[in-house]
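> Once you've had a glance at the structure underneath, I'll fire off some questions.
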Amino acid sequence: MSTPSAAPRTAVGLRSERGPLLLAMMLSTGLVAIDATILSTAVPTIVDDLGGFASFPWLFSIYLLASSVTTPIYAKLADTIGRKPVMLFGIAAFLVGSLLCGVAWDMPSLIAFRAVQGIGAGAILPVSMTIVGDVYTLEERARVQGYLASVWAISAVVGPTLGGIFAQLDAWRWIFLVNVPLCILAGWLVITRFRERVERTHHRLDWLGALLLTASLSLLILGVLEGGRAWAWASPLSIGILGAGAVLLALFVVVERRAAEPILPPLLLTRPLLRTTALMGLAIGGGLIGLTAYVPTYLEGSIGLAPIWAGLALATLTLGWPIAASLSGRLYLRIGFRATTIVGGTILVAAAVALAALAGIPSPWIVGALCLLIGLGFGFTAVPSVVAAQASVDWSERGVVTGAQMFARSIGQAIGAAVLGALANATVDAVGGDATDPATIVSASQVVFIGTAALTALVLVAALAMPRDRGVHAPAQPAETSAATE
């Protein structure tokens with residue numbers, strides 16, 4: 001790999017030599033960031049239009065499943081053929097998926113087209129973070145986080161606001177169509193402002209591992225979401241689906257141990273730092289989806305809050321996250337990665353437990369305040385854990401390691417959406433099956449929030465289990481990279 005001369009460490013910003021590339025990564029990240037908040041506020045409107053309340057968790061699960069299982073493949077491709085073609089494919093797939101979602105005619109078609117979106121999202125976020133890890137040193141990344149955090153902050157306000165407005169105007173299709181111009185601009189910036197030089201070498205992609213992973217997780221999520229609703233938990237069909245998923249997952253582990261170039265190298269799980277940060281990402285993903293999928297529905301269904309205001313209550317979470325993310329860079333350079341994640345995990349658990357305890361008193365003010373604290377907790381755990389993992393490896397492993405961290409978070413979201421959705425559906429059935437009754441909505445949401453609190457406790461456990469930092473305070477050396485900006 002060729003290594004361009006390092007830019008001065010002070011040259012971090014949109015006006016610097018690497019500014020156009022930073023802008024491209026910010027815009028690419030914005031595609032995923034807005035999608036994380038804009039849909040949840042419109043779920044009740046979409047259900048009213050297309051039907052299928054019990055199926056709406058699939059809107060999140062199928063998207064997250066598609067992005068999860070493709071992330072390791074993209075990560076491996078990014079380390080072999082380069083970051084740029086993988087990023088452009090992700091943006092193109094996200095664009096096509098958004099267009100298809102905008103013309104969906106029923107819930108099954110919308111769910112299917114969300115899978116196409118997920119295939120694109122699986123490349124965008126991990127590869128953009130890998131590029132940032134290539135181009136900026138450890139110390140510079142602490143400052144770059146402020147720029148990337150601003151994307152999430154803007155999306156935290158723009159996403160729920162647009163989602164609420166489109167829902168109230170009965171124009172929910174624009175939730176997806178608004179992505180089209182953003183995709184076009186992001187793709188143009190990557191094409192024109194990012195150059196890389198990659199030494200082409202022969203690599204064997206682990207297609208069998210990818211197929212087994214996709215099939216196993218699809219079956220497990222299908223079994224969890226539909227079990228107890230479409231069929232009895234103890235029925236032969238339920239046992240068969242869950243059993244087949246477990247067997248295929250076990251086969252995936254066996255294949256990965258023998259594959260020449262596995263998409264998820266077992267070596268990653270033998271390193272204590274990577275193991276604990278992956279566990280943290282898994283729990284963060286599950287906790288995040290529990291809140292983003294159910295907070296707006298909880299407030300709209302329990303007290304009749306307008307979608308735009310329910311979305312803004314959730315926006316405090318996605319506003320707190322980038323604020324903490326931008327501050328975490330300075331904090332982990334002072335006290336270390338482990339201490340920073342412990343601070344974040346403590347905030348996270350306290351706020352999530354309070355939300356679960358107070359769910360019986362629906363209030364946008366209480367929910368907004370607690371979601372802000374939860375967002376701060378996520379920001380102080382998610383960013384330092386990924387940067388710590390990146391800093392522990394060199395260029396040749398950075399794409400796979402970053403992809404593994406994003407994979408863990410996406411899998412956490414996919415499984416979390418399925419499990420928490422199943423708990424919510426079971427609660428609805430247990431109290432009479434009327435998903436429009438405010439008391440039923442409160443009961444189902446409280447169960448989801450309790451599950452979310454349990455996941456945040458796992459985040460804190462993983463933070464405490466992280467190895468103590470070594471060399472965090474040492475001056476960071478310029479990272480090797482194959483990327484250069486024009």
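For the structure tokens, the naming scheme is as follows: chains receive sequential letters (A, B, ...) according to their order of presentation, residues are indexed from 1 within each chain, and ligands are indexed from 1 in presentation order.
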What residues in segment 42-74 of chain A get the DSSP label alpha helix (DSSP H)? Please answer as a count of residues only.

26

> When you look at Leu455 of chain A with a cut-off of 10 Å (counting only C-alpha atoms), what residues show up, excluding the ones that are within fewer than 4 positions of it in the same chain? I need them as a list in words.

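My reading of the contact set: Met280, Leu282, Ala283, Ile284, Gly285, Gly286, Gly287, Leu288, Gly290, Leu348, Val349, Ala352, Gly412, Gly416, Phe449, Ile450, Gly451, Val459, Leu460 and Val461 of chain A.
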
> How many Å lie between atom CA of Phe176 of chain A and atom CA of Thr29 of chain A, rounded to one decimal?

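Between atom CA of Phe176 of chain A and atom CA of Thr29 of chain A the gap works out to 15.9 Å.
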
> Could you give me, as a ChimeraX atom specification, the residues within 12 Å of Ile347 of chain A, counting only C-alpha atoms and dropping anything in the same chain fewer than 6 positions from it?

/A:320-321,324,340-341,353-354,370-381,453,456-457,459-460

> Sort by chain and increasing residue number a table of all residues of segment 164-265 of chain A within 9 Å of segment 83-105 of chain A, each with its closest pair of atoms and their distance in Å to one decimal, counting only C-alpha atoms, and write it as CSV.


```
residue,atom,partner,partner_atom,distance
A:Trp172,CA,A:Gly102,CA,8.4
A:Arg173,CA,A:Gly102,CA,4.7
A:Trp174,CA,A:Gly102,CA,6.6
A:Ile175,CA,A:Gly102,CA,7.7
A:Phe176,CA,A:Ser98,CA,5.0
A:Leu177,CA,A:Gly102,CA,5.7
A:Val178,CA,A:Ser98,CA,8.3
A:Asn179,CA,A:Ser98,CA,6.5
A:Val180,CA,A:Leu95,CA,5.6
A:Pro181,CA,A:Leu95,CA,8.8
A:Leu182,CA,A:Leu95,CA,8.7
A:Cys183,CA,A:Leu95,CA,5.9
A:Ile184,CA,A:Leu95,CA,7.9
A:Ala186,CA,A:Ile91,CA,7.6
A:Gly187,CA,A:Leu88,CA,6.2
A:Val190,CA,A:Lys84,CA,7.3
A:Ile191,CA,A:Leu88,CA,7.9
A:Phe194,CA,A:Lys84,CA,7.4
A:Arg195,CA,A:Lys84,CA,7.7
A:Glu196,CA,A:Lys84,CA,7.4
```

> The selected residues should be written to file as a PDB file, in the first residue's frame (atoms: N, CA and C atoms).


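Written file, selection26.pdb:
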```pdb
ATOM      1  N   TRP A 172     -46.094   9.936   3.901  1.00  0.00           N
ATOM      2  CA  TRP A 172     -44.988   9.200   4.481  1.00  0.00           C
ATOM      3  C   TRP A 172     -43.999   8.688   3.440  1.00  0.00           C
ATOM      4  N   ARG A 173     -44.401   8.555   2.185  1.00  0.00           N
ATOM      5  CA  ARG A 173     -43.489   8.051   1.147  1.00  0.00           C
ATOM      6  C   ARG A 173     -42.276   8.964   0.965  1.00  0.00           C
ATOM      7  N   TRP A 174     -42.438  10.233   1.269  1.00  0.00           N
ATOM      8  CA  TRP A 174     -41.322  11.167   1.130  1.00  0.00           C
ATOM      9  C   TRP A 174     -40.245  10.930   2.186  1.00  0.00           C
ATOM     10  N   ILE A 175     -40.566  10.147   3.206  1.00  0.00           N
ATOM     11  CA  ILE A 175     -39.546   9.750   4.178  1.00  0.00           C
ATOM     12  C   ILE A 175     -38.405   9.026   3.469  1.00  0.00           C
ATOM     13  N   PHE A 176     -38.748   8.275   2.441  1.00  0.00           N
ATOM     14  CA  PHE A 176     -37.740   7.525   1.685  1.00  0.00           C
ATOM     15  C   PHE A 176     -37.242   8.299   0.470  1.00  0.00           C
ATOM     16  N   LEU A 177     -38.137   9.009  -0.198  1.00  0.00           N
ATOM     17  CA  LEU A 177     -37.741   9.718  -1.414  1.00  0.00           C
ATOM     18  C   LEU A 177     -36.779  10.868  -1.141  1.00  0.00           C
ATOM     19  N   VAL A 178     -36.790  11.402   0.099  1.00  0.00           N
ATOM     20  CA  VAL A 178     -35.882  12.495   0.425  1.00  0.00           C
ATOM     21  C   VAL A 178     -34.423  12.038   0.394  1.00  0.00           C
ATOM     22  N   ASN A 179     -34.208  10.711   0.465  1.00  0.00           N
ATOM     23  CA  ASN A 179     -32.838  10.182   0.418  1.00  0.00           C
ATOM     24  C   ASN A 179     -32.207  10.303  -0.971  1.00  0.00           C
ATOM     25  N   VAL A 180     -33.033  10.389  -2.004  1.00  0.00           N
ATOM     26  CA  VAL A 180     -32.509  10.337  -3.379  1.00  0.00           C
ATOM     27  C   VAL A 180     -31.508  11.453  -3.664  1.00  0.00           C
ATOM     28  N   PRO A 181     -31.856  12.748  -3.455  1.00  0.00           N
ATOM     29  CA  PRO A 181     -30.856  13.781  -3.733  1.00  0.00           C
ATOM     30  C   PRO A 181     -29.635  13.692  -2.819  1.00  0.00           C
ATOM     31  N   LEU A 182     -29.823  13.239  -1.587  1.00  0.00           N
ATOM     32  CA  LEU A 182     -28.681  13.089  -0.681  1.00  0.00           C
ATOM     33  C   LEU A 182     -27.718  12.014  -1.185  1.00  0.00           C
ATOM     34  N   CYS A 183     -28.271  10.913  -1.689  1.00  0.00           N
ATOM     35  CA  CYS A 183     -27.426   9.850  -2.245  1.00  0.00           C
ATOM     36  C   CYS A 183     -26.642  10.339  -3.461  1.00  0.00           C
ATOM     37  N   ILE A 184     -27.311  11.076  -4.313  1.00  0.00           N
ATOM     38  CA  ILE A 184     -26.651  11.580  -5.523  1.00  0.00           C
ATOM     39  C   ILE A 184     -25.493  12.502  -5.157  1.00  0.00           C
ATOM     40  N   ALA A 186     -23.842  12.655  -2.231  1.00  0.00           N
ATOM     41  CA  ALA A 186     -22.800  11.895  -1.536  1.00  0.00           C
ATOM     42  C   ALA A 186     -21.963  11.101  -2.530  1.00  0.00           C
ATOM     43  N   GLY A 187     -22.614  10.456  -3.490  1.00  0.00           N
ATOM     44  CA  GLY A 187     -21.877   9.703  -4.492  1.00  0.00           C
ATOM     45  C   GLY A 187     -20.970  10.579  -5.326  1.00  0.00           C
ATOM     46  N   VAL A 190     -17.840  11.503  -3.315  1.00  0.00           N
ATOM     47  CA  VAL A 190     -16.893  10.390  -3.191  1.00  0.00           C
ATOM     48  C   VAL A 190     -16.160  10.168  -4.513  1.00  0.00           C
ATOM     49  N   ILE A 191     -16.881  10.260  -5.624  1.00  0.00           N
ATOM     50  CA  ILE A 191     -16.261  10.052  -6.937  1.00  0.00           C
ATOM     51  C   ILE A 191     -15.223  11.120  -7.230  1.00  0.00           C
ATOM     52  N   PHE A 194     -12.338  11.720  -3.643  1.00  0.00           N
ATOM     53  CA  PHE A 194     -11.613  10.673  -2.938  1.00  0.00           C
ATOM     54  C   PHE A 194     -10.875   9.797  -3.931  1.00  0.00           C
ATOM     55  N   ARG A 195      -9.569   9.767  -3.789  1.00  0.00           N
ATOM     56  CA  ARG A 195      -8.731   8.894  -4.608  1.00  0.00           C
ATOM     57  C   ARG A 195      -8.006   7.934  -3.682  1.00  0.00           C
ATOM     58  N   GLU A 196      -7.797   6.727  -4.155  1.00  0.00           N
ATOM     59  CA  GLU A 196      -7.011   5.772  -3.382  1.00  0.00           C
ATOM     60  C   GLU A 196      -6.173   4.930  -4.319  1.00  0.00           C
TER      61      GLU A 196
END
```

> Find, counting only C-alpha atoms, the residue in A:Trp207, A:Trp231, A:Tyr294, A:Trp188 that gets nearest to Phe252 of chain A.

A:Trp207

> Would you work out the distance separating atom CA of Gly421 of chain A from atom CA of Pro57 of chain A, expressed in Å to one decimal?

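That distance, rounded to one decimal, is 5.9 Å.
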
> Can you list, as a list in words, every residue of segment 168-306 of chain A that DSSP puts in strand (DSSP E or B)?

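Across segment 168-306 of chain A, those assigned strand (DSSP E or B) are Phe194, Arg195, Glu196, Gly227 and Trp231 of chain A.
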
> Can I get the selection written as a PDB file, in the first residue's frame, with C-alpha atoms?


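Writing the result to part04.pdb gives the following:
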```pdb
ATOM      1  CA  PHE A 194     -11.613  10.673  -2.938  1.00  0.00           C
ATOM      2  CA  ARG A 195      -8.731   8.894  -4.608  1.00  0.00           C
ATOM      3  CA  GLU A 196      -7.011   5.772  -3.382  1.00  0.00           C
ATOM      4  CA  GLY A 227     -43.318 -17.302  17.223  1.00  0.00           C
ATOM      5  CA  TRP A 231     -47.592 -20.220  15.174  1.00  0.00           C
TER       6      TRP A 231
END
```

> Quick one: residues within 7 Å of segment 39-45 of chain A, only C-alpha atoms, excluding same-chain residues fewer than 6 positions away - as a list in words?

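The neighbour list is Pro160, Gly163, Gly164, Ala167, Trp172, Ile175, Thr292, Ala293, Pro296, Thr297, Pro307, Ala310 and Gly311 of chain A.
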
> Can you tell me which residues surround Gly243 of chain A at a distance of at most 10 Å, considering only C-alpha atoms, apart from same-chain residues fewer than 4 positions away, and format the answer as a list in words?

Ser216, Leu219, Leu220, Gly223, Leu237, Ser238, Ile239, Val247, Leu248 and Leu249 of chain A

> So how many Å separate atom CA of Leu319 of chain A and atom CA of Arg15 of chain A, to one decimal?

25.1 Å

> Let me make sure I understand: among A:Leu333, A:Ala389, A:Ile411, A:Ala424, which one has the smallest atom-to-atom distance to Gly133 of chain A if we use only C-alpha atoms?

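That would be A:Ala389, the residue with the smallest distance to Gly133 of chain A.
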
> In terms of the shortest atom-to-atom distance over only C-alpha atoms, which of A:Ala422, A:Ala112, A:Ile366, A:Leu205 is closest to Val447 of chain A?

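Between A:Ala422, A:Ala112, A:Ile366, A:Leu205, the residue approaching Val447 of chain A most closely is A:Ala422.
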
> Considering only C-alpha atoms, state which residue in the set A:Ala232, A:Leu65, A:Leu212, A:Val343 is at the smallest distance from Ala250 of chain A.

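Among the listed residues, the smallest separation from Ala250 of chain A belongs to A:Leu212.
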
> Could you check which of A:Tyr63, A:Phe113, A:Tyr74, A:Tyr147 is closest to Gly13 of chain A, using only C-alpha atoms?

A:Tyr147

> Between A:Ala306, A:Leu273, A:Ala417, A:Ile263, which residue has the minimum interatomic distance to Arg468 of chain A, considering only C-alpha atoms?

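Among A:Ala306, A:Leu273, A:Ala417, A:Ile263, it is A:Leu273 that comes nearest to Arg468 of chain A.
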